[in-house]
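Structure, as C-alpha cells:
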Amino acid sequence: MIELGKYNTLRIDHAADHGLYLAGDELTGDILMPQRYVTPQMNVGDEVEVFVYLDQDERIVATTETPLATVGQFAFLQVAWTNQYGAFLSWGLMKDLFCPFREQKQRMERGKGYIVYVKEDEATHRLMATAKVEKHIEMCEKLLHGTAVDCLVWQKTELGFKVIIDNRYQGQLYDNQIFRPLRTGDRLTAYVDHVRQDGKVDVTLQPTGHRQALDFAEVLLRYLYENDGRCNLGDKAPAELIADRFQVSKKTYKRAVGDLYRRRLIVIEDDGIRLA
C-alpha cells in the first residue's frame, strides 16, 4: 500500500519522455517520478526509495528530494509565502507545505519559523501542517532514567524550554540544566531525568549521575593536558565560572574531580587542581 507523505520503496515499471513510472497499487496506479529526479543509474526493474506526495496539480508523484519532515513528524519550518487561505512553509520540496488559518495558533508571518506537525487531511487527503501540535503529543508512560532521547526545542517558558521528545512526548528542560544558548527549532540529544505523573518528561542536557561524572572526567583530564596540567577552579569555585568554562553544573564538576583524584591522576590544591 502506498503511504502518502512518507518514503516508499517502489519498482521502476517503465520509462517515458517526462520521467519514470513507478509501480503503485490499485488505488494510485503507476506513479510518475519526473525527469528532474531521474539518474543514469536508474533502470526499469530497479527498486528506488522515494517520497510520495501530491504535486501542484494534485497528482500523486514521487521525488528523491528529502523533506524536512514526513507525515506524523514535528518540525521547525519557515513561512515562504502567504495568501488569503493560509501560509505555505518551506520543507525541502518543490511544492511548499500548506498550513490553513484554522490550523494556526497565531497568524503566521512570511520569513518566520514555527513548530508544526505534518499530517494528511482526512477529507481531501492533501498533506498539510498544523501549529496546534499539542493535539498530536502522546502521554509518556515509561522511559528509563538516563535514557538518551532526541529532542526538538519547542518554546521558551518561565522554567526553561519545552521540548518534543522522540517525535512523541512533551518534555521540559530546566534553565539550571542549560549551559549553552538554545532557541526554538534546535535539535539535540538529552537524557531522561524523570517521567512525571501527567505523562510529561523532565530531561537534562548532560548524562545523569555517575555516568555524567565519568564522561566529564575525561573532558577535564584532556583540559589539564592541554593547559599545562593545571586548572584554577577548585571545590569552592563559583558555579557560574564552572558553567561558563565547561558547560556543566558544579555538582558534576566536583564528582569528576573526585573521580580523577581517586584514580590518582590529579592533585587537589587550594587554588585549583593539577596533574599528578
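To be explicit about the labels: the chains of the C-alpha cells are called A, B, and onward in the order shown, and within each one the residues are counted from 1, while ligands get numbers from 1 in the order they are shown.
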Give me, as number ranges by chain, all polymer residues having an atom no more than 8 Å from Ala62 in chain A, counting only C-alpha atoms and skipping those fewer than 3 positions away in the same chain. A: 31-34, 50-53
Could the residues in this selection be written to a file with all heavy atoms, as a PDB file, in the first residue's frame?
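Output contents, as saved in part.pdb:
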```
ATOM      1  N   ILE A  31       2.974   5.597 -10.607  1.00  0.00           N
ATOM      2  CA  ILE A  31       3.292   6.919 -10.057  1.00  0.00           C
ATOM      3  C   ILE A  31       4.471   7.511 -10.815  1.00  0.00           C
ATOM      4  O   ILE A  31       5.514   6.870 -10.965  1.00  0.00           O
ATOM      5  CB  ILE A  31       3.626   6.810  -8.560  1.00  0.00           C
ATOM      6  CG1 ILE A  31       2.408   6.277  -7.797  1.00  0.00           C
ATOM      7  CG2 ILE A  31       4.066   8.155  -7.997  1.00  0.00           C
ATOM      8  CD1 ILE A  31       2.698   5.961  -6.338  1.00  0.00           C
ATOM      9  N   LEU A  32       4.306   8.735 -11.287  1.00  0.00           N
ATOM     10  CA  LEU A  32       5.354   9.399 -12.049  1.00  0.00           C
ATOM     11  C   LEU A  32       6.459   9.923 -11.135  1.00  0.00           C
ATOM     12  O   LEU A  32       6.183  10.572 -10.124  1.00  0.00           O
ATOM     13  CB  LEU A  32       4.775  10.570 -12.848  1.00  0.00           C
ATOM     14  CG  LEU A  32       5.796  11.465 -13.580  1.00  0.00           C
ATOM     15  CD1 LEU A  32       6.506  10.680 -14.681  1.00  0.00           C
ATOM     16  CD2 LEU A  32       5.117  12.710 -14.127  1.00  0.00           C
ATOM     17  N   MET A  33       7.708   9.649 -11.516  1.00  0.00           N
ATOM     18  CA  MET A  33       8.855  10.338 -10.940  1.00  0.00           C
ATOM     19  C   MET A  33       9.398  11.244 -12.041  1.00  0.00           C
ATOM     20  O   MET A  33       9.956  10.761 -13.031  1.00  0.00           O
ATOM     21  CB  MET A  33       9.940   9.370 -10.465  1.00  0.00           C
ATOM     22  CG  MET A  33      11.139  10.099  -9.848  1.00  0.00           C
ATOM     23  SD  MET A  33      12.269   9.008  -8.939  1.00  0.00           S
ATOM     24  CE  MET A  33      12.936   8.034 -10.298  1.00  0.00           C
ATOM     25  N   PRO A  34       9.191  12.564 -11.952  1.00  0.00           N
ATOM     26  CA  PRO A  34       9.573  13.488 -13.029  1.00  0.00           C
ATOM     27  C   PRO A  34      11.043  13.349 -13.432  1.00  0.00           C
ATOM     28  O   PRO A  34      11.894  12.955 -12.640  1.00  0.00           O
ATOM     29  CB  PRO A  34       9.278  14.866 -12.413  1.00  0.00           C
ATOM     30  CG  PRO A  34       8.205  14.595 -11.414  1.00  0.00           C
ATOM     31  CD  PRO A  34       8.527  13.251 -10.836  1.00  0.00           C
ATOM     32  N   VAL A  50      11.629   6.517  -2.597  1.00  0.00           N
ATOM     33  CA  VAL A  50      11.152   7.839  -2.996  1.00  0.00           C
ATOM     34  C   VAL A  50      10.151   8.357  -1.966  1.00  0.00           C
ATOM     35  O   VAL A  50       9.538   7.595  -1.224  1.00  0.00           O
ATOM     36  CB  VAL A  50      10.481   7.798  -4.384  1.00  0.00           C
ATOM     37  CG1 VAL A  50      11.504   7.523  -5.472  1.00  0.00           C
ATOM     38  CG2 VAL A  50       9.365   6.751  -4.417  1.00  0.00           C
ATOM     39  N   PHE A  51      10.006   9.672  -1.953  1.00  0.00           N
ATOM     40  CA  PHE A  51       8.973  10.309  -1.134  1.00  0.00           C
ATOM     41  C   PHE A  51       7.774  10.568  -2.036  1.00  0.00           C
ATOM     42  O   PHE A  51       7.922  11.103  -3.140  1.00  0.00           O
ATOM     43  CB  PHE A  51       9.493  11.622  -0.549  1.00  0.00           C
ATOM     44  CG  PHE A  51       8.509  12.321   0.346  1.00  0.00           C
ATOM     45  CD1 PHE A  51       8.290  11.868   1.637  1.00  0.00           C
ATOM     46  CD2 PHE A  51       7.796  13.423  -0.104  1.00  0.00           C
ATOM     47  CE1 PHE A  51       7.387  12.512   2.475  1.00  0.00           C
ATOM     48  CE2 PHE A  51       6.891  14.067   0.720  1.00  0.00           C
ATOM     49  CZ  PHE A  51       6.684  13.616   2.012  1.00  0.00           C
ATOM     50  N   VAL A  52       6.584  10.196  -1.582  1.00  0.00           N
ATOM     51  CA  VAL A  52       5.376  10.292  -2.401  1.00  0.00           C
ATOM     52  C   VAL A  52       4.450  11.368  -1.832  1.00  0.00           C
ATOM     53  O   VAL A  52       4.124  11.351  -0.638  1.00  0.00           O
ATOM     54  CB  VAL A  52       4.645   8.936  -2.459  1.00  0.00           C
ATOM     55  CG1 VAL A  52       3.365   9.048  -3.278  1.00  0.00           C
ATOM     56  CG2 VAL A  52       5.561   7.866  -3.051  1.00  0.00           C
ATOM     57  N   TYR A  53       4.038  12.295  -2.690  1.00  0.00           N
ATOM     58  CA  TYR A  53       3.123  13.349  -2.255  1.00  0.00           C
ATOM     59  C   TYR A  53       2.354  13.875  -3.457  1.00  0.00           C
ATOM     60  O   TYR A  53       2.469  13.332  -4.563  1.00  0.00           O
ATOM     61  CB  TYR A  53       3.880  14.456  -1.529  1.00  0.00           C
ATOM     62  CG  TYR A  53       4.717  15.378  -2.393  1.00  0.00           C
ATOM     63  CD1 TYR A  53       4.498  16.755  -2.365  1.00  0.00           C
ATOM     64  CD2 TYR A  53       5.743  14.903  -3.222  1.00  0.00           C
ATOM     65  CE1 TYR A  53       5.267  17.632  -3.126  1.00  0.00           C
ATOM     66  CE2 TYR A  53       6.517  15.766  -3.978  1.00  0.00           C
ATOM     67  CZ  TYR A  53       6.271  17.129  -3.935  1.00  0.00           C
ATOM     68  OH  TYR A  53       7.027  17.990  -4.693  1.00  0.00           O
TER      69      TYR A  53
END
```
Name all residues at most 10 Å from Tyr114 in chain A (count only C-alpha atoms; drop same-chain ones fewer than 2 positions away) and give them as a PDB file with all heavy atoms, in the first residue's frame.
```
ATOM      1  N   ALA A  75       8.337  19.424  13.110  1.00  0.00           N
ATOM      2  CA  ALA A  75       9.488  20.101  12.507  1.00  0.00           C
ATOM      3  C   ALA A  75       9.366  21.599  12.728  1.00  0.00           C
ATOM      4  O   ALA A  75       8.282  22.127  13.006  1.00  0.00           O
ATOM      5  CB  ALA A  75       9.581  19.794  11.013  1.00  0.00           C
ATOM      6  N   PHE A  76      10.501  22.281  12.603  1.00  0.00           N
ATOM      7  CA  PHE A  76      10.547  23.747  12.651  1.00  0.00           C
ATOM      8  C   PHE A  76      10.683  24.219  11.207  1.00  0.00           C
ATOM      9  O   PHE A  76      11.713  24.007  10.568  1.00  0.00           O
ATOM     10  CB  PHE A  76      11.738  24.203  13.489  1.00  0.00           C
ATOM     11  CG  PHE A  76      11.884  25.700  13.583  1.00  0.00           C
ATOM     12  CD1 PHE A  76      11.007  26.450  14.332  1.00  0.00           C
ATOM     13  CD2 PHE A  76      12.923  26.343  12.930  1.00  0.00           C
ATOM     14  CE1 PHE A  76      11.149  27.827  14.441  1.00  0.00           C
ATOM     15  CE2 PHE A  76      13.084  27.717  13.030  1.00  0.00           C
ATOM     16  CZ  PHE A  76      12.191  28.456  13.784  1.00  0.00           C
ATOM     17  N   LEU A  77       9.636  24.852  10.668  1.00  0.00           N
ATOM     18  CA  LEU A  77       9.606  25.245   9.263  1.00  0.00           C
ATOM     19  C   LEU A  77       9.368  26.748   9.139  1.00  0.00           C
ATOM     20  O   LEU A  77       8.653  27.354   9.936  1.00  0.00           O
ATOM     21  CB  LEU A  77       8.499  24.493   8.519  1.00  0.00           C
ATOM     22  CG  LEU A  77       8.568  22.957   8.551  1.00  0.00           C
ATOM     23  CD1 LEU A  77       7.407  22.365   7.768  1.00  0.00           C
ATOM     24  CD2 LEU A  77       9.896  22.447   8.009  1.00  0.00           C
ATOM     25  N   GLN A  78       9.959  27.322   8.088  1.00  0.00           N
ATOM     26  CA  GLN A  78       9.803  28.752   7.833  1.00  0.00           C
ATOM     27  C   GLN A  78       8.713  29.003   6.795  1.00  0.00           C
ATOM     28  O   GLN A  78       8.523  28.219   5.860  1.00  0.00           O
ATOM     29  CB  GLN A  78      11.120  29.349   7.356  1.00  0.00           C
ATOM     30  CG  GLN A  78      12.142  29.528   8.458  1.00  0.00           C
ATOM     31  CD  GLN A  78      13.284  30.432   8.046  1.00  0.00           C
ATOM     32  OE1 GLN A  78      13.671  30.474   6.885  1.00  0.00           O
ATOM     33  NE2 GLN A  78      13.837  31.177   8.996  1.00  0.00           N
ATOM     34  N   VAL A  79       8.034  30.128   6.965  1.00  0.00           N
ATOM     35  CA  VAL A  79       6.977  30.515   6.040  1.00  0.00           C
ATOM     36  C   VAL A  79       7.602  31.137   4.785  1.00  0.00           C
ATOM     37  O   VAL A  79       8.330  32.121   4.867  1.00  0.00           O
ATOM     38  CB  VAL A  79       6.012  31.514   6.693  1.00  0.00           C
ATOM     39  CG1 VAL A  79       4.948  31.975   5.687  1.00  0.00           C
ATOM     40  CG2 VAL A  79       5.350  30.887   7.917  1.00  0.00           C
ATOM     41  N   LEU A  89       4.768  26.720   3.825  1.00  0.00           N
ATOM     42  CA  LEU A  89       6.013  26.534   4.534  1.00  0.00           C
ATOM     43  C   LEU A  89       7.047  25.810   3.672  1.00  0.00           C
ATOM     44  O   LEU A  89       6.725  24.839   2.973  1.00  0.00           O
ATOM     45  CB  LEU A  89       5.770  25.726   5.810  1.00  0.00           C
ATOM     46  CG  LEU A  89       4.577  26.148   6.673  1.00  0.00           C
ATOM     47  CD1 LEU A  89       4.449  25.226   7.879  1.00  0.00           C
ATOM     48  CD2 LEU A  89       4.720  27.590   7.124  1.00  0.00           C
ATOM     49  N   GLN A 104      -3.579  27.334  12.484  1.00  0.00           N
ATOM     50  CA  GLN A 104      -2.579  28.240  13.039  1.00  0.00           C
ATOM     51  C   GLN A 104      -3.008  28.701  14.433  1.00  0.00           C
ATOM     52  O   GLN A 104      -4.175  29.012  14.657  1.00  0.00           O
ATOM     53  CB  GLN A 104      -2.380  29.448  12.127  1.00  0.00           C
ATOM     54  CG  GLN A 104      -1.888  29.095  10.732  1.00  0.00           C
ATOM     55  CD  GLN A 104      -1.728  30.311   9.834  1.00  0.00           C
ATOM     56  OE1 GLN A 104      -1.609  31.437  10.309  1.00  0.00           O
ATOM     57  NE2 GLN A 104      -1.735  30.085   8.528  1.00  0.00           N
ATOM     58  N   MET A 108       0.459  33.324  10.986  1.00  0.00           N
ATOM     59  CA  MET A 108       1.845  33.111  10.585  1.00  0.00           C
ATOM     60  C   MET A 108       2.317  34.220   9.657  1.00  0.00           C
ATOM     61  O   MET A 108       1.554  34.708   8.817  1.00  0.00           O
ATOM     62  CB  MET A 108       1.995  31.755   9.894  1.00  0.00           C
ATOM     63  CG  MET A 108       1.842  30.566  10.814  1.00  0.00           C
ATOM     64  SD  MET A 108       2.092  28.992   9.929  1.00  0.00           S
ATOM     65  CE  MET A 108       2.150  27.846  11.310  1.00  0.00           C
ATOM     66  N   GLU A 109       3.594  34.585   9.800  1.00  0.00           N
ATOM     67  CA  GLU A 109       4.163  35.670   9.020  1.00  0.00           C
ATOM     68  C   GLU A 109       5.292  35.163   8.131  1.00  0.00           C
ATOM     69  O   GLU A 109       6.069  34.287   8.518  1.00  0.00           O
ATOM     70  CB  GLU A 109       4.699  36.771   9.951  1.00  0.00           C
ATOM     71  CG  GLU A 109       3.637  37.390  10.844  1.00  0.00           C
ATOM     72  CD  GLU A 109       4.220  38.446  11.761  1.00  0.00           C
ATOM     73  OE1 GLU A 109       5.176  39.134  11.334  1.00  0.00           O
ATOM     74  OE2 GLU A 109       3.742  38.579  12.903  1.00  0.00           O
ATOM     75  N   LYS A 112       9.185  33.957   9.053  1.00  0.00           N
ATOM     76  CA  LYS A 112       9.313  33.466  10.427  1.00  0.00           C
ATOM     77  C   LYS A 112       9.155  31.948  10.464  1.00  0.00           C
ATOM     78  O   LYS A 112       8.544  31.348   9.590  1.00  0.00           O
ATOM     79  CB  LYS A 112       8.269  34.126  11.336  1.00  0.00           C
ATOM     80  CG  LYS A 112       8.534  35.606  11.571  1.00  0.00           C
ATOM     81  CD  LYS A 112       7.599  36.169  12.633  1.00  0.00           C
ATOM     82  CE  LYS A 112       7.932  37.623  12.933  1.00  0.00           C
ATOM     83  NZ  LYS A 112       7.057  38.192  13.985  1.00  0.00           N
ATOM     84  N   VAL A 116       5.639  22.845  13.790  1.00  0.00           N
ATOM     85  CA  VAL A 116       4.399  22.320  13.224  1.00  0.00           C
ATOM     86  C   VAL A 116       4.447  20.791  13.211  1.00  0.00           C
ATOM     87  O   VAL A 116       5.508  20.177  13.362  1.00  0.00           O
ATOM     88  CB  VAL A 116       4.151  22.833  11.790  1.00  0.00           C
ATOM     89  CG1 VAL A 116       3.975  24.341  11.775  1.00  0.00           C
ATOM     90  CG2 VAL A 116       5.282  22.401  10.855  1.00  0.00           C
ATOM     91  N   TYR A 117       3.278  20.214  13.011  1.00  0.00           N
ATOM     92  CA  TYR A 117       3.126  18.767  12.851  1.00  0.00           C
ATOM     93  C   TYR A 117       2.590  18.517  11.446  1.00  0.00           C
ATOM     94  O   TYR A 117       1.667  19.206  10.987  1.00  0.00           O
ATOM     95  CB  TYR A 117       2.141  18.239  13.895  1.00  0.00           C
ATOM     96  CG  TYR A 117       1.847  16.762  13.824  1.00  0.00           C
ATOM     97  CD1 TYR A 117       2.718  15.832  14.391  1.00  0.00           C
ATOM     98  CD2 TYR A 117       0.696  16.295  13.204  1.00  0.00           C
ATOM     99  CE1 TYR A 117       2.443  14.477  14.351  1.00  0.00           C
ATOM    100  CE2 TYR A 117       0.411  14.938  13.155  1.00  0.00           C
ATOM    101  CZ  TYR A 117       1.288  14.032  13.728  1.00  0.00           C
ATOM    102  OH  TYR A 117       1.012  12.685  13.673  1.00  0.00           O
ATOM    103  N   THR A 130       0.065  21.664  10.781  1.00  0.00           N
ATOM    104  CA  THR A 130      -0.722  22.293  11.827  1.00  0.00           C
ATOM    105  C   THR A 130       0.204  22.787  12.916  1.00  0.00           C
ATOM    106  O   THR A 130       1.160  22.100  13.294  1.00  0.00           O
ATOM    107  CB  THR A 130      -1.770  21.332  12.429  1.00  0.00           C
ATOM    108  OG1 THR A 130      -2.434  21.997  13.516  1.00  0.00           O
ATOM    109  CG2 THR A 130      -1.132  20.044  12.927  1.00  0.00           C
ATOM    110  N   ALA A 131      -0.051  23.994  13.390  1.00  0.00           N
ATOM    111  CA  ALA A 131       0.723  24.549  14.502  1.00  0.00           C
ATOM    112  C   ALA A 131       0.112  24.157  15.843  1.00  0.00           C
ATOM    113  O   ALA A 131       0.698  24.426  16.889  1.00  0.00           O
ATOM    114  CB  ALA A 131       0.801  26.071  14.385  1.00  0.00           C
ATOM    115  N   TRP A 154      10.979  23.380  21.514  1.00  0.00           N
ATOM    116  CA  TRP A 154       9.638  23.817  21.131  1.00  0.00           C
ATOM    117  C   TRP A 154       9.431  25.298  21.464  1.00  0.00           C
ATOM    118  O   TRP A 154       9.273  26.133  20.582  1.00  0.00           O
ATOM    119  CB  TRP A 154       8.632  22.923  21.837  1.00  0.00           C
ATOM    120  CG  TRP A 154       7.191  23.182  21.599  1.00  0.00           C
ATOM    121  CD1 TRP A 154       6.637  24.110  20.761  1.00  0.00           C
ATOM    122  CD2 TRP A 154       6.102  22.496  22.213  1.00  0.00           C
ATOM    123  NE1 TRP A 154       5.272  24.042  20.812  1.00  0.00           N
ATOM    124  CE2 TRP A 154       4.912  23.055  21.703  1.00  0.00           C
ATOM    125  CE3 TRP A 154       6.014  21.466  23.137  1.00  0.00           C
ATOM    126  CZ2 TRP A 154       3.651  22.612  22.093  1.00  0.00           C
ATOM    127  CZ3 TRP A 154       4.754  21.016  23.529  1.00  0.00           C
ATOM    128  CH2 TRP A 154       3.592  21.583  23.003  1.00  0.00           C
ATOM    129  N   GLN A 155       9.409  25.645  22.738  1.00  0.00           N
ATOM    130  CA  GLN A 155       9.148  27.044  23.103  1.00  0.00           C
ATOM    131  C   GLN A 155       9.732  27.371  24.470  1.00  0.00           C
ATOM    132  O   GLN A 155       9.878  26.503  25.330  1.00  0.00           O
ATOM    133  CB  GLN A 155       7.648  27.344  23.090  1.00  0.00           C
ATOM    134  CG  GLN A 155       6.831  26.509  24.035  1.00  0.00           C
ATOM    135  CD  GLN A 155       5.345  26.756  23.887  1.00  0.00           C
ATOM    136  OE1 GLN A 155       4.636  26.873  24.897  1.00  0.00           O
ATOM    137  NE2 GLN A 155       4.854  26.857  22.668  1.00  0.00           N
ATOM    138  N   THR A 184      14.189  28.000  19.674  1.00  0.00           N
ATOM    139  CA  THR A 184      13.160  27.162  19.068  1.00  0.00           C
ATOM    140  C   THR A 184      13.640  26.604  17.733  1.00  0.00           C
ATOM    141  O   THR A 184      14.180  27.326  16.906  1.00  0.00           O
ATOM    142  CB  THR A 184      11.874  27.975  18.849  1.00  0.00           C
ATOM    143  OG1 THR A 184      11.380  28.412  20.114  1.00  0.00           O
ATOM    144  CG2 THR A 184      10.804  27.139  18.163  1.00  0.00           C
ATOM    145  N   GLY A 185      13.439  25.303  17.556  1.00  0.00           N
ATOM    146  CA  GLY A 185      13.850  24.644  16.323  1.00  0.00           C
ATOM    147  C   GLY A 185      15.150  23.880  16.430  1.00  0.00           C
ATOM    148  O   GLY A 185      15.458  23.060  15.556  1.00  0.00           O
TER     149      GLY A 185
END
```
For the strand (DSSP E or B) assignment from backbone DSSP, which residues of range 7-247 of chain A qualify? Please present them as a ChimeraX atom specification. /A:7-16,19-22,31-34,47-54,60-63,74-82,86-90,97-100,113-120,127-130,138,148-156,160-165,169-174,187-195,201-204,230-231
Under the rule that only C-alpha atoms are counted, which of A:Arg245, A:Asn83, A:Asp46, A:Asp235 is the nearest residue to Ile268 in chain A? A:Asp235
What lies within 12 Å of Gly258 in chain A using only C-alpha atoms, ignoring chain neighbours under 6 positions off, as a list in words? His210, Ala213, Leu214, Phe216, Ala217, Leu220, Gly234, Asp235, Lys251, Thr252, Arg264, Leu265, Ile266, Val267, Ile268 and Ile273 of chain A
One decimal, Å: what's the distance from CA of Arg222 in chain A over to CA of Asp150 in chain A, could you say?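 CA of Asp150 in chain A lies 27.2 Å from CA of Arg222 in chain A.
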Which of these residues is nearest to Gly5 in chain A, using only C-alpha atoms: A:His18, A:Val44, A:Thr39, A:Val118?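 Checking each of A:His18, A:Val44, A:Thr39, A:Val118 against Gly5 in chain A, counting only C-alpha atoms, the winner is A:Val118.
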With only C-alpha atoms as the basis for distance, which of A:Ser249, A:Thr63, A:Gln35, A:Thr82 is at the shortest distance from Leu4 in chain A? A:Thr63
Leaving out Met139 in chain A and any residue of its chain fewer than 3 positions from it, which residues lie within 9 Å of it when counting only C-alpha atoms, given as a list in words?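 Final neighbour list, sorted by chain and number: Arg168, Tyr169, Gln170, Asp198, Gly199 and Lys200 of chain A.
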Only N, CA and C atoms, please: the residues just picked out, written as a PDB file, in the first residue's frame.
```pdb
ATOM      1  N   ARG A 168       7.317  12.298  19.921  1.00  0.00           N
ATOM      2  CA  ARG A 168       6.107  11.730  20.542  1.00  0.00           C
ATOM      3  C   ARG A 168       5.665  12.459  21.806  1.00  0.00           C
ATOM      4  N   TYR A 169       6.606  12.759  22.704  1.00  0.00           N
ATOM      5  CA  TYR A 169       6.243  13.196  24.045  1.00  0.00           C
ATOM      6  C   TYR A 169       6.647  14.654  24.305  1.00  0.00           C
ATOM      7  N   GLN A 170       5.969  15.265  25.275  1.00  0.00           N
ATOM      8  CA  GLN A 170       6.347  16.605  25.701  1.00  0.00           C
ATOM      9  C   GLN A 170       7.350  16.517  26.842  1.00  0.00           C
ATOM     10  N   ASP A 198       1.838  13.374  35.002  1.00  0.00           N
ATOM     11  CA  ASP A 198       0.994  13.891  33.927  1.00  0.00           C
ATOM     12  C   ASP A 198       1.454  13.414  32.544  1.00  0.00           C
ATOM     13  N   GLY A 199       2.461  12.523  32.503  1.00  0.00           N
ATOM     14  CA  GLY A 199       2.913  11.975  31.235  1.00  0.00           C
ATOM     15  C   GLY A 199       3.956  12.808  30.528  1.00  0.00           C
ATOM     16  N   LYS A 200       4.402  13.884  31.164  1.00  0.00           N
ATOM     17  CA  LYS A 200       5.462  14.713  30.600  1.00  0.00           C
ATOM     18  C   LYS A 200       6.805  14.289  31.194  1.00  0.00           C
TER      19      LYS A 200
END
```
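If you measure from each of A:Leu205, A:Leu275, A:Ile165, A:Met1 to Leu221 in chain A using only C-alpha atoms, the closest one turns out to be A:Leu275.
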For Val48 in chain A, work out the shell of residues within 12 Å, counting only C-alpha atoms and skipping chain neighbours fewer than 4 positions away, then give it as a list in words. Tyr7, Asn8, Thr9, Leu10, Arg11, Ile12, Asp13, Leu20, Tyr21, Leu22, Ala23, Met33, Tyr37, Val38, Thr39, Gln41, Met42, Asn43, Val44, Val52, Ala62, Thr63 and Thr64 of chain A
Non-local contacts of Lys162 in chain A (7 Å; only C-alpha atoms; under 6 positions in same chain excluded) as a PyMOL selection string: chain A and resi 153-156+171-173
Would you mind exporting the chosen residues as a tab-separated table (two decimals), in the first residue's frame, restricted to N, CA and C atoms?
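Everything below was put into result-v3.tsv:
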```
chain	number	residue	atom	x	y	z
A	153	VAL	N	13.56	21.49	20.25
A	153	VAL	CA	13.24	22.60	21.15
A	153	VAL	C	11.98	23.29	20.65
A	154	TRP	N	10.98	23.38	21.51
A	154	TRP	CA	9.64	23.82	21.13
A	154	TRP	C	9.43	25.30	21.46
A	155	GLN	N	9.41	25.64	22.74
A	155	GLN	CA	9.15	27.04	23.10
A	155	GLN	C	9.73	27.37	24.47
A	156	LYS	N	10.07	28.65	24.65
A	156	LYS	CA	10.62	29.14	25.93
A	156	LYS	C	9.49	29.29	26.94
A	171	GLY	N	8.41	17.30	26.74
A	171	GLY	CA	9.42	17.32	27.79
A	171	GLY	C	9.69	18.73	28.27
A	172	GLN	N	10.39	18.81	29.39
A	172	GLN	CA	10.78	20.08	29.97
A	172	GLN	C	12.26	20.06	30.26
A	173	LEU	N	12.96	21.06	29.74
A	173	LEU	CA	14.38	21.26	30.01
A	173	LEU	C	14.50	22.51	30.86
```
Which polymer residues have any atom within 8 Å of an atom of His145 in chain A, counting only C-alpha atoms, with same-chain residues fewer than 5 positions away left out, as a PyMOL selection string? chain A and resi 191-194
Now that the selection is made, can you save its residues with C-alpha atoms as a short mmCIF file (atom, residue, chain, number, x, y, z; two decimals), in the first residue's frame?
```cif
data_model
loop_
_atom_site.label_atom_id
_atom_site.label_comp_id
_atom_site.auth_asym_id
_atom_site.auth_seq_id
_atom_site.Cartn_x
_atom_site.Cartn_y
_atom_site.Cartn_z
CA TYR A 191 18.77 12.46 28.86
CA VAL A 192 15.68 11.40 30.78
CA ASP A 193 15.69 12.64 34.35
CA HIS A 194 12.10 11.92 35.44
#
```
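What separates CA of Gln73 in chain A from CA of Lys132 in chain A is a distance of 13.0 Å.
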Measuring between only C-alpha atoms, which one of A:Asn227, A:Gln106, A:Thr66, A:Thr28 shows the shortest distance to Arg274 in chain A? A:Asn227
Distance of CA of Asn176 in chain A from CA of Asp259 in chain A, expressed in Å to one decimal place: 23.3 Å
